[in-house]
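Student: For reference, the file run25.json (JSON, C-alpha atoms and all ligand atoms) is included below:
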```json
[["chain", "number", "residue", "atom", "x", "y", "z"],
["A", 1, "MET", "CA", 5.07, 12.88, 32.67],
["A", 2, "THR", "CA", 5.29, 10.58, 35.65],
["A", 3, "GLY", "CA", 2.75, 9.00, 37.94],
["A", 4, "ARG", "CA", 0.65, 5.93, 38.40],
["A", 5, "LEU", "CA", -2.60, 4.77, 36.86],
["A", 6, "GLY", "CA", -4.86, 2.64, 39.00],
["A", 7, "CYS", "CA", -7.30, 0.03, 37.77],
["A", 8, "ALA", "CA", -9.98, -0.37, 40.43],
["A", 9, "PRO", "CA", -11.66, -3.59, 39.14],
["A", 10, "CYS", "CA", -8.36, -5.47, 38.75],
["A", 11, "GLN", "CA", -6.76, -3.75, 41.76],
["A", 12, "LYS", "CA", -3.53, -3.03, 39.91],
["A", 13, "THR", "CA", -1.54, 0.09, 39.33],
["A", 14, "TYR", "CA", 0.63, 0.85, 36.34],
["A", 15, "PRO", "CA", 3.48, 3.38, 36.11],
["A", 16, "ILE", "CA", 3.62, 6.42, 33.86],
["A", 17, "THR", "CA", 7.21, 7.26, 32.99],
["A", 18, "GLY", "CA", 8.63, 9.57, 30.35],
["A", 19, "GLY", "CA", 5.07, 10.67, 29.52],
["A", 20, "VAL", "CA", 4.00, 7.14, 28.58],
["A", 21, "PRO", "CA", 1.60, 4.94, 30.58],
["A", 22, "ARG", "CA", 3.23, 1.51, 30.84],
["A", 23, "LEU", "CA", 0.15, -0.71, 30.71],
["A", 24, "VAL", "CA", 1.96, -4.00, 30.32],
["A", 25, "ALA", "CA", 0.37, -6.79, 32.33],
["A", 26, "GLY", "CA", 2.58, -9.59, 33.59],
["A", 27, "SER", "CA", 1.15, -12.10, 31.12],
["A", 28, "VAL", "CA", 3.06, -11.07, 27.96],
["A", 29, "SER", "CA", 4.43, -14.16, 26.20],
["A", 30, "PRO", "CA", 8.22, -14.62, 26.07],
["A", 31, "ALA", "CA", 8.02, -14.56, 22.25],
["A", 32, "SER", "CA", 6.31, -11.16, 22.28],
["A", 33, "THR", "CA", 8.74, -9.82, 24.87],
["A", 34, "GLU", "CA", 11.71, -10.89, 22.76],
["A", 35, "THR", "CA", 10.18, -9.44, 19.58],
["A", 36, "ALA", "CA", 9.50, -6.14, 21.33],
["A", 37, "GLY", "CA", 13.04, -6.02, 22.69],
["A", 38, "ARG", "CA", 14.46, -6.32, 19.19],
["A", 39, "PHE", "CA", 12.12, -3.73, 17.69],
["A", 40, "GLY", "CA", 12.78, -1.35, 20.56],
["A", 41, "ALA", "CA", 16.46, -1.41, 19.61],
["A", 42, "GLN", "CA", 15.54, -0.90, 15.93],
["A", 43, "TRP", "CA", 13.43, 2.20, 16.42],
["A", 44, "LYS", "CA", 15.85, 3.81, 18.84],
["A", 45, "THR", "CA", 18.49, 3.53, 16.11],
["A", 46, "PHE", "CA", 16.36, 4.34, 13.06],
["A", 47, "ASP", "CA", 14.45, 7.18, 14.70],
["A", 48, "HIS", "CA", 14.31, 9.47, 11.65],
["A", 49, "MET", "CA", 11.06, 10.84, 10.19],
["A", 50, "SER", "CA", 10.47, 11.22, 6.44],
["A", 51, "THR", "CA", 8.20, 13.21, 4.18],
["A", 52, "TYR", "CA", 7.16, 10.19, 2.05],
["A", 53, "GLN", "CA", 5.56, 8.49, 5.07],
["A", 54, "GLU", "CA", 2.13, 9.94, 4.36],
["A", 55, "GLN", "CA", 2.17, 8.69, 0.78],
["A", 56, "TRP", "CA", 3.18, 5.22, 1.92],
["A", 57, "LEU", "CA", 0.53, 5.11, 4.63],
["A", 58, "ARG", "CA", -2.17, 6.02, 2.12],
["A", 59, "LYS", "CA", -1.11, 3.05, 0.00],
["A", 60, "TRP", "CA", -0.89, 0.66, 2.94],
["A", 61, "LEU", "CA", -4.40, 1.52, 4.12],
["A", 62, "ASP", "CA", -6.26, 2.16, 0.86],
["A", 63, "PRO", "CA", -9.30, 2.45, 0.62],
["A", 64, "ILE", "CA", -9.12, 3.71, 4.20],
["A", 65, "GLY", "CA", -7.83, 7.28, 4.00],
["A", 66, "PRO", "CA", -7.68, 10.67, 5.72],
["A", 67, "ASP", "CA", -11.48, 10.99, 5.91],
["A", 68, "ASP", "CA", -11.59, 7.90, 8.11],
["A", 69, "PHE", "CA", -9.29, 9.68, 10.57],
["A", 70, "THR", "CA", -10.61, 13.24, 10.65],
["A", 71, "GLY", "CA", -12.51, 13.84, 13.89],
["A", 72, "LYS", "CA", -12.29, 10.13, 14.82],
["A", 73, "VAL", "CA", -10.95, 8.18, 17.79],
["A", 74, "ILE", "CA", -8.13, 6.01, 16.49],
["A", 75, "LEU", "CA", -6.22, 2.99, 17.79],
["A", 76, "GLU", "CA", -2.85, 2.44, 16.17],
["A", 77, "ALA", "CA", -1.62, -1.05, 16.99],
["A", 78, "GLY", "CA", 2.17, -1.33, 16.94],
["A", 79, "CYS", "CA", 3.13, 2.31, 16.44],
["A", 80, "GLY", "CA", 6.91, 1.75, 16.40],
["A", 81, "LYS", "CA", 8.67, 5.11, 16.34],
["A", 82, "GLY", "CA", 5.39, 6.90, 15.59],
["A", 83, "ARG", "CA", 5.85, 7.67, 11.89],
["A", 84, "HIS", "CA", 2.18, 6.90, 11.17],
["A", 85, "THR", "CA", 1.02, 8.40, 14.43],
["A", 86, "LEU", "CA", 2.16, 11.80, 13.19],
["A", 87, "VAL", "CA", 0.35, 11.31, 9.88],
["A", 88, "ALA", "CA", -2.85, 10.33, 11.70],
["A", 89, "SER", "CA", -2.45, 13.41, 13.86],
["A", 90, "ASP", "CA", -1.99, 15.59, 10.75],
["A", 91, "TRP", "CA", -5.10, 14.04, 9.21],
["A", 92, "GLY", "CA", -7.07, 15.55, 12.09],
["A", 93, "ALA", "CA", -7.87, 12.55, 14.29],
["A", 94, "ALA", "CA", -9.74, 13.60, 17.42],
["A", 95, "GLU", "CA", -7.64, 11.26, 19.58],
["A", 96, "ILE", "CA", -5.06, 8.64, 18.73],
["A", 97, "VAL", "CA", -3.95, 5.92, 21.10],
["A", 98, "ALA", "CA", -0.62, 4.75, 19.71],
["A", 99, "LEU", "CA", 0.15, 1.39, 21.27],
["A", 100, "ASP", "CA", 3.38, -0.58, 21.17],
["A", 101, "LEU", "CA", 4.93, -3.20, 23.41],
["A", 102, "SER", "CA", 8.49, -2.08, 22.87],
["A", 103, "GLU", "CA", 10.59, 0.82, 24.09],
["A", 104, "SER", "CA", 9.92, 2.39, 20.71],
["A", 105, "VAL", "CA", 7.11, 4.17, 22.60],
["A", 106, "ASP", "CA", 9.78, 6.51, 23.97],
["A", 107, "VAL", "CA", 10.79, 7.45, 20.42],
["A", 108, "ALA", "CA", 7.12, 7.84, 19.41],
["A", 109, "PHE", "CA", 6.48, 10.02, 22.46],
["A", 110, "PHE", "CA", 9.49, 12.18, 21.63],
["A", 111, "HIS", "CA", 8.16, 12.82, 18.12],
["A", 112, "ALA", "CA", 4.53, 13.32, 19.16],
["A", 113, "ARG", "CA", 4.96, 15.06, 22.49],
["A", 114, "GLU", "CA", 3.61, 18.40, 21.22],
["A", 115, "ARG", "CA", 0.51, 16.80, 19.63],
["A", 116, "LYS", "CA", -2.52, 17.17, 21.83],
["A", 117, "ASN", "CA", -4.43, 14.43, 19.99],
["A", 118, "VAL", "CA", -1.75, 11.74, 20.48],
["A", 119, "HIS", "CA", -1.55, 9.38, 23.47],
["A", 120, "VAL", "CA", 1.37, 6.98, 23.33],
["A", 121, "VAL", "CA", 0.85, 3.87, 25.46],
["A", 122, "GLN", "CA", 3.07, 0.85, 26.08],
["A", 123, "GLY", "CA", 1.05, -2.37, 25.98],
["A", 124, "ASP", "CA", 0.46, -5.69, 24.26],
["A", 125, "ILE", "CA", -1.86, -6.04, 21.24],
["A", 126, "LEU", "CA", -2.72, -9.50, 22.52],
["A", 127, "CYS", "CA", -4.00, -7.92, 25.73],
["A", 128, "PRO", "CA", -4.85, -4.37, 24.63],
["A", 129, "PRO", "CA", -5.27, -2.08, 27.64],
["A", 130, "VAL", "CA", -8.13, -0.12, 26.06],
["A", 131, "ARG", "CA", -11.92, -0.35, 25.90],
["A", 132, "ARG", "CA", -14.19, -0.68, 22.90],
["A", 133, "VAL", "CA", -14.25, 3.01, 22.09],
["A", 134, "PHE", "CA", -12.52, 3.32, 18.71],
["A", 135, "ASP", "CA", -13.86, 4.51, 15.35],
["A", 136, "LEU", "CA", -10.88, 3.01, 13.57],
["A", 137, "ALA", "CA", -8.18, 0.54, 14.52],
["A", 138, "PHE", "CA", -5.26, 0.25, 12.13],
["A", 139, "SER", "CA", -2.06, -1.73, 12.13],
["A", 140, "VAL", "CA", 0.73, -1.54, 9.57],
["A", 141, "GLY", "CA", 3.42, -4.20, 9.46],
["A", 142, "VAL", "CA", 2.74, -5.60, 12.91],
["A", 143, "LEU", "CA", 0.32, -8.54, 13.05],
["A", 144, "HIS", "CA", 2.73, -10.85, 11.19],
["A", 145, "HIS", "CA", 5.24, -10.30, 14.01],
["A", 146, "LEU", "CA", 2.87, -11.62, 16.70],
["A", 147, "PRO", "CA", 3.09, -15.23, 17.90],
["A", 148, "ASP", "CA", -0.59, -15.51, 16.85],
["A", 149, "PRO", "CA", -1.49, -12.94, 14.14],
["A", 150, "ARG", "CA", -5.16, -14.01, 14.02],
["A", 151, "ALA", "CA", -5.54, -13.51, 17.77],
["A", 152, "GLY", "CA", -4.04, -10.03, 17.37],
["A", 153, "PHE", "CA", -6.53, -9.19, 14.64],
["A", 154, "ASP", "CA", -9.44, -10.40, 16.78],
["A", 155, "LYS", "CA", -8.28, -8.32, 19.73],
["A", 156, "LEU", "CA", -8.10, -5.18, 17.60],
["A", 157, "ARG", "CA", -11.46, -5.78, 16.03],
["A", 158, "GLY", "CA", -12.89, -6.21, 19.53],
["A", 159, "ARG", "CA", -11.82, -2.67, 20.41],
["A", 160, "VAL", "CA", -13.69, -1.04, 17.49],
["A", 161, "LYS", "CA", -17.20, 0.32, 18.10],
["A", 162, "PRO", "CA", -20.05, -0.92, 15.88],
["A", 163, "GLY", "CA", -20.01, 1.36, 12.85],
["A", 164, "GLY", "CA", -16.24, 1.77, 13.09],
["A", 165, "LYS", "CA", -13.56, 0.31, 10.83],
["A", 166, "ILE", "CA", -10.47, -1.84, 10.96],
["A", 167, "ALA", "CA", -7.56, -1.73, 8.52],
["A", 168, "VAL", "CA", -4.42, -3.87, 8.44],
["A", 169, "TRP", "CA", -1.38, -4.44, 6.25],
["A", 170, "VAL", "CA", 0.68, -7.62, 6.51],
["A", 171, "TYR", "CA", 3.48, -9.43, 4.65],
["A", 172, "GLY", "CA", 2.20, -11.69, 1.88],
["A", 173, "HIS", "CA", 3.33, -15.26, 1.26],
["A", 174, "GLU", "CA", 2.56, -15.10, -2.45],
["A", 175, "ASN", "CA", 5.61, -13.89, -4.42],
["A", 176, "ASN", "CA", 7.73, -14.07, -1.25],
["A", 177, "GLU", "CA", 8.22, -17.83, -1.25],
["A", 178, "TRP", "CA", 11.98, -17.37, -1.65],
["A", 179, "ILE", "CA", 12.08, -15.28, 1.55],
["A", 180, "VAL", "CA", 10.17, -17.95, 3.44],
["A", 181, "ARG", "CA", 12.48, -20.66, 2.08],
["A", 182, "TYR", "CA", 15.89, -18.98, 2.23],
["A", 183, "VAL", "CA", 15.79, -15.79, 4.31],
["A", 184, "ASN", "CA", 13.57, -17.01, 7.16],
["A", 185, "PRO", "CA", 15.89, -19.85, 8.25],
["A", 186, "PHE", "CA", 18.88, -17.49, 8.08],
["A", 187, "ARG", "CA", 16.97, -14.89, 10.10],
["A", 188, "ASN", "CA", 15.70, -17.41, 12.65],
["A", 189, "ARG", "CA", 19.04, -19.07, 13.24],
["A", 190, "ILE", "CA", 21.44, -16.17, 12.90],
["A", 191, "THR", "CA", 20.36, -12.55, 12.54],
["A", 192, "ALA", "CA", 17.41, -12.62, 14.97],
["A", 193, "ARG", "CA", 19.82, -13.81, 17.67],
["A", 194, "MET", "CA", 22.53, -11.32, 16.88],
["A", 195, "ASN", "CA", 23.36, -8.28, 18.97],
["A", 196, "PRO", "CA", 21.36, -5.45, 17.30],
["A", 197, "GLU", "CA", 24.43, -3.22, 17.11],
["A", 198, "LEU", "CA", 26.38, -5.90, 15.27],
["A", 199, "LEU", "CA", 23.41, -6.50, 12.98],
["A", 200, "TYR", "CA", 23.30, -2.76, 12.28],
["A", 201, "TRP", "CA", 26.84, -2.81, 10.89],
["A", 202, "LEU", "CA", 26.57, -6.18, 9.15],
["A", 203, "SER", "CA", 23.37, -5.14, 7.38],
["A", 204, "LEU", "CA", 24.92, -1.91, 6.09],
["A", 205, "PRO", "CA", 26.95, -3.34, 3.14],
["A", 206, "PRO", "CA", 24.00, -5.35, 1.69],
["A", 207, "SER", "CA", 21.81, -2.27, 2.18],
["A", 208, "ALA", "CA", 24.30, -0.14, 0.25],
["A", 209, "ALA", "CA", 24.41, -2.76, -2.52],
["A", 210, "LEU", "CA", 20.60, -2.79, -2.65],
["A", 211, "ALA", "CA", 20.48, 1.02, -2.70],
["A", 212, "MET", "CA", 22.81, 1.05, -5.72],
["A", 213, "THR", "CA", 20.69, -1.57, -7.50],
["A", 214, "LEU", "CA", 17.58, 0.47, -6.77],
["A", 215, "VAL", "CA", 18.88, 3.21, -9.04],
["A", 216, "LEU", "CA", 17.96, 0.92, -11.97],
["A", 217, "TYR", "CA", 14.34, 0.99, -10.82],
["A", 218, "ARG", "CA", 14.13, 4.74, -11.36],
["A", 219, "ASN", "CA", 13.89, 4.11, -15.09],
["A", 220, "GLU", "CA", 10.39, 2.79, -15.79],
["A", 221, "ARG", "CA", 11.39, 0.86, -18.91],
["A", 222, "VAL", "CA", 14.29, -0.85, -17.17],
["A", 223, "ALA", "CA", 12.22, -1.50, -14.06],
["A", 224, "LYS", "CA", 9.68, -3.41, -16.16],
["A", 225, "LEU", "CA", 12.34, -6.07, -16.77],
["A", 226, "LEU", "CA", 13.30, -6.42, -13.10],
["A", 227, "PRO", "CA", 11.80, -8.39, -10.21],
["A", 228, "TYR", "CA", 9.68, -6.80, -7.46],
["A", 229, "ARG", "CA", 9.07, -3.81, -9.71],
["A", 230, "ASP", "CA", 6.01, -2.49, -7.89],
["A", 231, "TYR", "CA", 7.67, -2.61, -4.49],
["A", 232, "LEU", "CA", 11.23, -1.60, -5.35],
["A", 233, "ARG", "CA", 10.25, 1.36, -7.54],
["A", 234, "GLN", "CA", 8.78, 2.88, -4.40],
["A", 235, "LEU", "CA", 12.16, 2.52, -2.67],
["A", 236, "ALA", "CA", 14.21, 3.77, -5.61],
["A", 237, "THR", "CA", 14.26, 7.38, -4.45],
["A", 238, "VAL", "CA", 14.58, 7.01, -0.68],
["A", 239, "PRO", "CA", 17.86, 7.67, 1.18],
["A", 240, "LEU", "CA", 20.25, 4.86, 2.09],
["A", 241, "ARG", "CA", 19.20, 5.21, 5.74],
["A", 242, "GLU", "CA", 15.67, 4.09, 4.86],
["A", 243, "VAL", "CA", 16.92, 1.17, 2.78],
["A", 244, "HIS", "CA", 19.16, 0.18, 5.69],
["A", 245, "ASN", "CA", 16.19, 0.43, 8.06],
["A", 246, "ILE", "CA", 14.14, -1.88, 5.82],
["A", 247, "VAL", "CA", 16.91, -4.48, 5.50],
["A", 248, "PHE", "CA", 17.55, -4.36, 9.25],
["A", 249, "ASP", "CA", 13.80, -4.68, 9.92],
["A", 250, "GLN", "CA", 13.65, -7.85, 7.82],
["A", 251, "LEU", "CA", 16.52, -9.45, 9.74],
["A", 252, "VAL", "CA", 16.07, -8.34, 13.33],
["A", 253, "THR", "CA", 12.82, -10.00, 14.36],
["A", 254, "PRO", "CA", 12.46, -13.52, 15.74],
["A", 255, "ILE", "CA", 8.90, -13.79, 14.36],
["A", 256, "ALA", "CA", 7.81, -12.99, 10.79],
["A", 257, "PHE", "CA", 4.87, -14.81, 9.24],
["A", 258, "TYR", "CA", 4.25, -14.41, 5.52],
["A", 259, "MET", "CA", 0.47, -14.57, 5.23],
["A", 260, "ARG", "CA", -1.44, -16.28, 2.46],
["A", 261, "GLN", "CA", -4.41, -14.50, 0.93],
["A", 262, "ASP", "CA", -6.84, -17.15, 2.22],
["A", 263, "GLU", "CA", -5.52, -16.76, 5.72],
["A", 264, "VAL", "CA", -6.04, -13.00, 5.75],
["A", 265, "ARG", "CA", -9.45, -13.44, 4.14],
["A", 266, "SER", "CA", -10.46, -15.87, 6.88],
["A", 267, "TRP", "CA", -9.83, -13.16, 9.53],
["A", 268, "PHE", "CA", -12.55, -11.09, 7.88],
["A", 269, "SER", "CA", -15.03, -13.86, 7.19],
["A", 270, "GLY", "CA", -16.69, -14.12, 10.61],
["A", 271, "GLN", "CA", -19.82, -12.46, 11.90],
["A", 272, "GLY", "CA", -19.87, -8.76, 12.57],
["A", 273, "LEU", "CA", -17.75, -7.47, 9.69],
["A", 274, "GLY", "CA", -19.02, -5.98, 6.43],
["A", 275, "CYS", "CA", -17.78, -4.05, 3.40],
["A", 276, "VAL", "CA", -14.58, -6.12, 3.41],
["A", 277, "THR", "CA", -11.77, -5.11, 1.06],
["A", 278, "LEU", "CA", -8.68, -7.23, 0.44],
["A", 279, "SER", "CA", -6.02, -6.38, -2.11],
["A", 280, "TRP", "CA", -2.52, -7.45, -3.08],
["A", 281, "HIS", "CA", -0.28, -4.48, -2.38],
["A", 282, "ASN", "CA", 2.85, -4.17, -4.54],
["A", 283, "LYS", "CA", 2.32, -7.84, -5.43],
["A", 284, "ASN", "CA", 4.04, -8.86, -2.21],
["A", 285, "SER", "CA", 1.73, -8.03, 0.72],
["A", 286, "TRP", "CA", -1.94, -7.90, 1.77],
["A", 287, "ARG", "CA", -3.93, -4.90, 2.83],
["A", 288, "ALA", "CA", -7.42, -5.37, 4.13],
["A", 289, "SER", "CA", -10.16, -3.38, 5.78],
["A", 290, "ALA", "CA", -13.73, -3.80, 6.98],
["A", 291, "LEU", "CA", -16.63, -2.11, 8.65],
["A", 292, "VAL", "CA", -17.38, -3.45, 12.13],
["A", 293, "THR", "CA", -21.13, -3.99, 12.11],
["A", 294, "GLU", "CA", -21.75, -5.46, 15.55],
["B", 301, "LIG", "C1", 7.81, -3.59, 11.84],
["B", 301, "LIG", "S1", 7.41, -2.62, 13.22],
["B", 301, "LIG", "C2", 6.14, -1.57, 12.52],
["B", 301, "LIG", "C3", 5.95, -0.31, 13.32],
["B", 301, "LIG", "C4", 4.99, 0.73, 12.69],
["B", 301, "LIG", "N1", 3.68, 0.19, 12.47],
["B", 301, "LIG", "C5", 5.57, 1.25, 11.41],
["B", 301, "LIG", "O1", 5.13, 0.81, 10.34],
["B", 301, "LIG", "O2", 6.47, 2.08, 11.48],
["B", 301, "LIG", "C6", 6.47, -3.72, 14.24],
["B", 301, "LIG", "C7", 6.10, -3.10, 15.59],
["B", 301, "LIG", "O3", 5.20, -3.98, 16.27],
["B", 301, "LIG", "C8", 5.50, -3.93, 17.65],
["B", 301, "LIG", "N2", 4.98, -5.13, 18.31],
["B", 301, "LIG", "C9", 5.39, -6.40, 18.14],
["B", 301, "LIG", "N3", 4.68, -7.22, 18.93],
["B", 301, "LIG", "C10", 3.80, -6.45, 19.61],
["B", 301, "LIG", "C11", 2.78, -6.70, 20.57],
["B", 301, "LIG", "N4", 2.53, -7.95, 21.02],
["B", 301, "LIG", "N5", 2.05, -5.67, 21.05],
["B", 301, "LIG", "C12", 2.30, -4.39, 20.61],
["B", 301, "LIG", "N6", 3.24, -4.09, 19.70],
["B", 301, "LIG", "C13", 3.98, -5.10, 19.20],
["B", 301, "LIG", "C14", 7.02, -3.86, 17.67],
["B", 301, "LIG", "O4", 7.51, -3.42, 18.89],
["B", 301, "LIG", "C15", 7.29, -2.92, 16.50],
["B", 301, "LIG", "O5", 7.38, -1.58, 16.92]]
```
Write the structure described by the file as C-alpha cells, please.
Tutor:
Amino acid sequence: MTGRLGCAPCQKTYPITGGVPRLVAGSVSPASTETAGRFGAQWKTFDHMSTYQEQWLRKWLDPIGPDDFTGKVILEAGCGKGRHTLVASDWGAAEIVALDLSESVDVAFFHARERKNVHVVQGDILCPPVRRVFDLAFSVGVLHHLPDPRAGFDKLRGRVKPGGKIAVWVYGHENNEWIVRYVNPFRNRITARMNPELLYWLSLPPSAALAMTLVLYRNERVAKLLPYRDYLRQLATVPLREVHNIVFDQLVTPIAFYMRQDEVRSWFSGQGLGCVTLSWHNKNSWRASALVTE
C-alpha cells in the first residue's frame, strides 16, 4: 500500500501511496496537469459504478471485444474512476495496468482493490511509465483531452507488442460542429475555469432538463424525428446522476478536441499497423482499432 519504486537506469524513485504507484515524472505539461486536476475532481464526485458500462464499452471498442482481453496483458490509458477497468477485469484479462494522470486513480483503486489482475498507476500518457509489453492498449474518451492527441496515440501504440492491438474512441467533429462553435468557447472561457463544486451545482438544472427531454427518446418512432437519435437513445434510460456526469464532463475540461475522420485515419496510416478499422459511432464520434504488426 505504501513504499517506493526505484528506477536504476534513471536513478529516480517514485512513491507508492494508497496502493497506487505515483509514476509521474516532473515533465508533465501545465495543460495536462490542469486537465488532470479537473478530471480528478470529477471522478471523486461521480464515483458511482453502473451495470450498463459493459454494454457501452463493447460499443466503444467494437470490433475489439472480450476475446481480445481474456488472458491478455492490457494497458488502459486514462482509466478515470475505473469503470472500464472493472469490465476488463471481468472479461478475464491476465493483467491490466490502468493508467491515469489524475487523482481519479484513488477512486479506481478503491473500486478495483480486490481484483488481483488490476494494477492502478498514476502517470502521463504522453510519458507512459511502462514498457512495450502489452497485448492490447485501449483508451476511451481520453486522447481528445490531451494537448497533443496524436502524440498520445503514438505513445500508446509504442507500448503494444508486435501482434498486439490498439483501440481508441474519441469525440468526432462531424455532426458536432455546433459544439465546437458554441459550447467550446463557453467551456474555454467560463466553465473550465470554474470551481468544480460550483460547476456541479450549476450543471444540475440543465442536466435535469436534458434528462426530462430524454424521455422522448424512449419511443423509437418519436426518436426518429429528433436530433442525435443514435446517441441520446442510449442515454434515455440512465439515471439523472449519469446524465449529470456527462454534462459536467463536457464542461469541466480545459482541453477537448473534436476530431475529424481524416485526422483519426492519419494516426493509423503509418508503418507498423494493419487490419485497421474506423467507424462513426452514434454518428458523433470515432472508434478505431488496429493490429500492431511491428
Ligand atoms: C473523460 S475521462 C475518461 C475516463 C475513462 N476512460 C472513462 O471513460 O470512464 C478522461 C480521463 O483522461 C485522464 N487524462 C487526461 N490527460 C491525461 C494524461 N496526460 N495522462 C493520463 N491520463 C490523462 C483524465 O484524468 C480523465 O480521467
Student: Need the shell around segment 89-94 of chain A: protein/DNA/RNA residues with any atom at most 8 Å away, counting only C-alpha atoms. Skip same-chain ones fewer than 2 positions apart. Format as JSON, numbers by chain?
Tutor: {"A": [66, 67, 69, 70, 71, 72, 73, 74, 85, 86, 87, 96, 115, 117, 118]}
Student: Could I get the residue neighbourhood of ligand LIG 301 (chain B) at 8 Å, counting only C-alpha atoms and all ligand atoms, as JSON, numbers by chain?
Tutor: {"A": [28, 32, 33, 35, 36, 37, 38, 39, 40, 43, 76, 77, 78, 79, 80, 81, 82, 83, 84, 99, 100, 101, 102, 103, 104, 122, 123, 124, 125, 126, 127, 128, 139, 140, 141, 142, 143, 145, 146, 147, 152, 249]}
Student: Neighbouring residues of Lys12 of chain A were defined as those with any atom within 12 Å, considering all atoms listed in the file; residues of the same chain fewer than 4 positions away were excluded. Please report them as JSON, numbers by chain.
Tutor: {"A": [4, 5, 6, 7, 8, 23, 24, 25, 26]}
Student: What's the 12 Å shell around segment 184-196 of chain A, counting only C-alpha atoms, without same-chain residues fewer than 4 positions away, as a PDB file with C-alpha atoms, keeping the file's coordinate frame?
Tutor:
```pdb
ATOM      1  CA  GLU A  34      11.710 -10.890  22.760  1.00  0.00           C
ATOM      2  CA  THR A  35      10.180  -9.440  19.580  1.00  0.00           C
ATOM      3  CA  GLY A  37      13.040  -6.020  22.690  1.00  0.00           C
ATOM      4  CA  ARG A  38      14.460  -6.320  19.190  1.00  0.00           C
ATOM      5  CA  PHE A  39      12.120  -3.730  17.690  1.00  0.00           C
ATOM      6  CA  GLY A  40      12.780  -1.350  20.560  1.00  0.00           C
ATOM      7  CA  ALA A  41      16.460  -1.410  19.610  1.00  0.00           C
ATOM      8  CA  GLN A  42      15.540  -0.900  15.930  1.00  0.00           C
ATOM      9  CA  TRP A  43      13.430   2.200  16.420  1.00  0.00           C
ATOM     10  CA  LYS A  44      15.850   3.810  18.840  1.00  0.00           C
ATOM     11  CA  THR A  45      18.490   3.530  16.110  1.00  0.00           C
ATOM     12  CA  PHE A  46      16.360   4.340  13.060  1.00  0.00           C
ATOM     13  CA  HIS A 173       3.330 -15.260   1.260  1.00  0.00           C
ATOM     14  CA  ASN A 176       7.730 -14.070  -1.250  1.00  0.00           C
ATOM     15  CA  GLU A 177       8.220 -17.830  -1.250  1.00  0.00           C
ATOM     16  CA  TRP A 178      11.980 -17.370  -1.650  1.00  0.00           C
ATOM     17  CA  ILE A 179      12.080 -15.280   1.550  1.00  0.00           C
ATOM     18  CA  VAL A 180      10.170 -17.950   3.440  1.00  0.00           C
ATOM     19  CA  TYR A 200      23.300  -2.760  12.280  1.00  0.00           C
ATOM     20  CA  TRP A 201      26.840  -2.810  10.890  1.00  0.00           C
ATOM     21  CA  LEU A 202      26.570  -6.180   9.150  1.00  0.00           C
ATOM     22  CA  SER A 203      23.370  -5.140   7.380  1.00  0.00           C
ATOM     23  CA  VAL A 247      16.910  -4.480   5.500  1.00  0.00           C
ATOM     24  CA  PHE A 248      17.550  -4.360   9.250  1.00  0.00           C
ATOM     25  CA  ASP A 249      13.800  -4.680   9.920  1.00  0.00           C
ATOM     26  CA  GLN A 250      13.650  -7.850   7.820  1.00  0.00           C
ATOM     27  CA  LEU A 251      16.520  -9.450   9.740  1.00  0.00           C
ATOM     28  CA  VAL A 252      16.070  -8.340  13.330  1.00  0.00           C
ATOM     29  CA  THR A 253      12.820 -10.000  14.360  1.00  0.00           C
ATOM     30  CA  PRO A 254      12.460 -13.520  15.740  1.00  0.00           C
ATOM     31  CA  ILE A 255       8.900 -13.790  14.360  1.00  0.00           C
ATOM     32  CA  ALA A 256       7.810 -12.990  10.790  1.00  0.00           C
ATOM     33  CA  PHE A 257       4.870 -14.810   9.240  1.00  0.00           C
ATOM     34  CA  TYR A 258       4.250 -14.410   5.520  1.00  0.00           C
TER      35      TYR A 258
END
```
Student: Point out the residue among A:Pro21, A:Gly164, A:Tyr171, A:Gln53 with the least atom-to-atom distance to Glu242 of chain A, counting only C-alpha atoms.
Tutor: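 Smallest distance to Glu242 of chain A is found for A:Gln53.
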Student: Tell me which of A:Ala112, A:Ile16, A:Ile246, A:Val130 sits closest to Ser207 of chain A, counting all atoms listed in the file.
Tutor: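 Residue with the minimum atom-to-atom distance to Ser207 of chain A: A:Ile246.
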Student: Between atom CA of Arg22 of chain A and atom CA of Val170 of chain A, measure the distance and give it in Å to one decimal.
Tutor: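 Taking atom CA of Arg22 of chain A as the start and atom CA of Val170 of chain A as the end point, the length is 26.1 Å.
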Student: Which one of A:Pro15, A:Pro206, A:Pro63, A:Gly270 sits closest to Lys165 of chain A if you count only C-alpha atoms?
Tutor: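 Among the listed residues, the smallest separation from Lys165 of chain A belongs to A:Pro63.
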Student: Could you tell me which of A:Leu232, A:Ala137, A:Leu156, A:Ala288 comes closest to Ala211 of chain A if we count all atoms listed in the file?
Tutor: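 Closest to Ala211 of chain A of all the choices is A:Leu232.
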Student: State, in Å with one decimal place, the distance from atom CA of Thr2 of chain A to atom CA of His111 of chain A.
Tutor: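 Calculated distance between atom CA of Thr2 of chain A and atom CA of His111 of chain A is 17.9 Å.
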Student: Please tell me which residues are no farther than 9 Å from (-14.7, 5.5, 23.1) in the file, counting all atoms listed in the file, and write them as a list in words.
Tutor: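 Residues satisfying the cut-off, written out: Val73, Arg131, Arg132, Val133, Phe134, Asp135, Val160 and Lys161 of chain A.
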Student: Could the residues in this selection be written to a file with C-alpha atoms, as a PDB file, in the coordinates of the input?
Tutor:
```pdb
ATOM      1  CA  VAL A  73     -10.950   8.180  17.790  1.00  0.00           C
ATOM      2  CA  ARG A 131     -11.920  -0.350  25.900  1.00  0.00           C
ATOM      3  CA  ARG A 132     -14.190  -0.680  22.900  1.00  0.00           C
ATOM      4  CA  VAL A 133     -14.250   3.010  22.090  1.00  0.00           C
ATOM      5  CA  PHE A 134     -12.520   3.320  18.710  1.00  0.00           C
ATOM      6  CA  ASP A 135     -13.860   4.510  15.350  1.00  0.00           C
ATOM      7  CA  VAL A 160     -13.690  -1.040  17.490  1.00  0.00           C
ATOM      8  CA  LYS A 161     -17.200   0.320  18.100  1.00  0.00           C
TER       9      LYS A 161
END
```
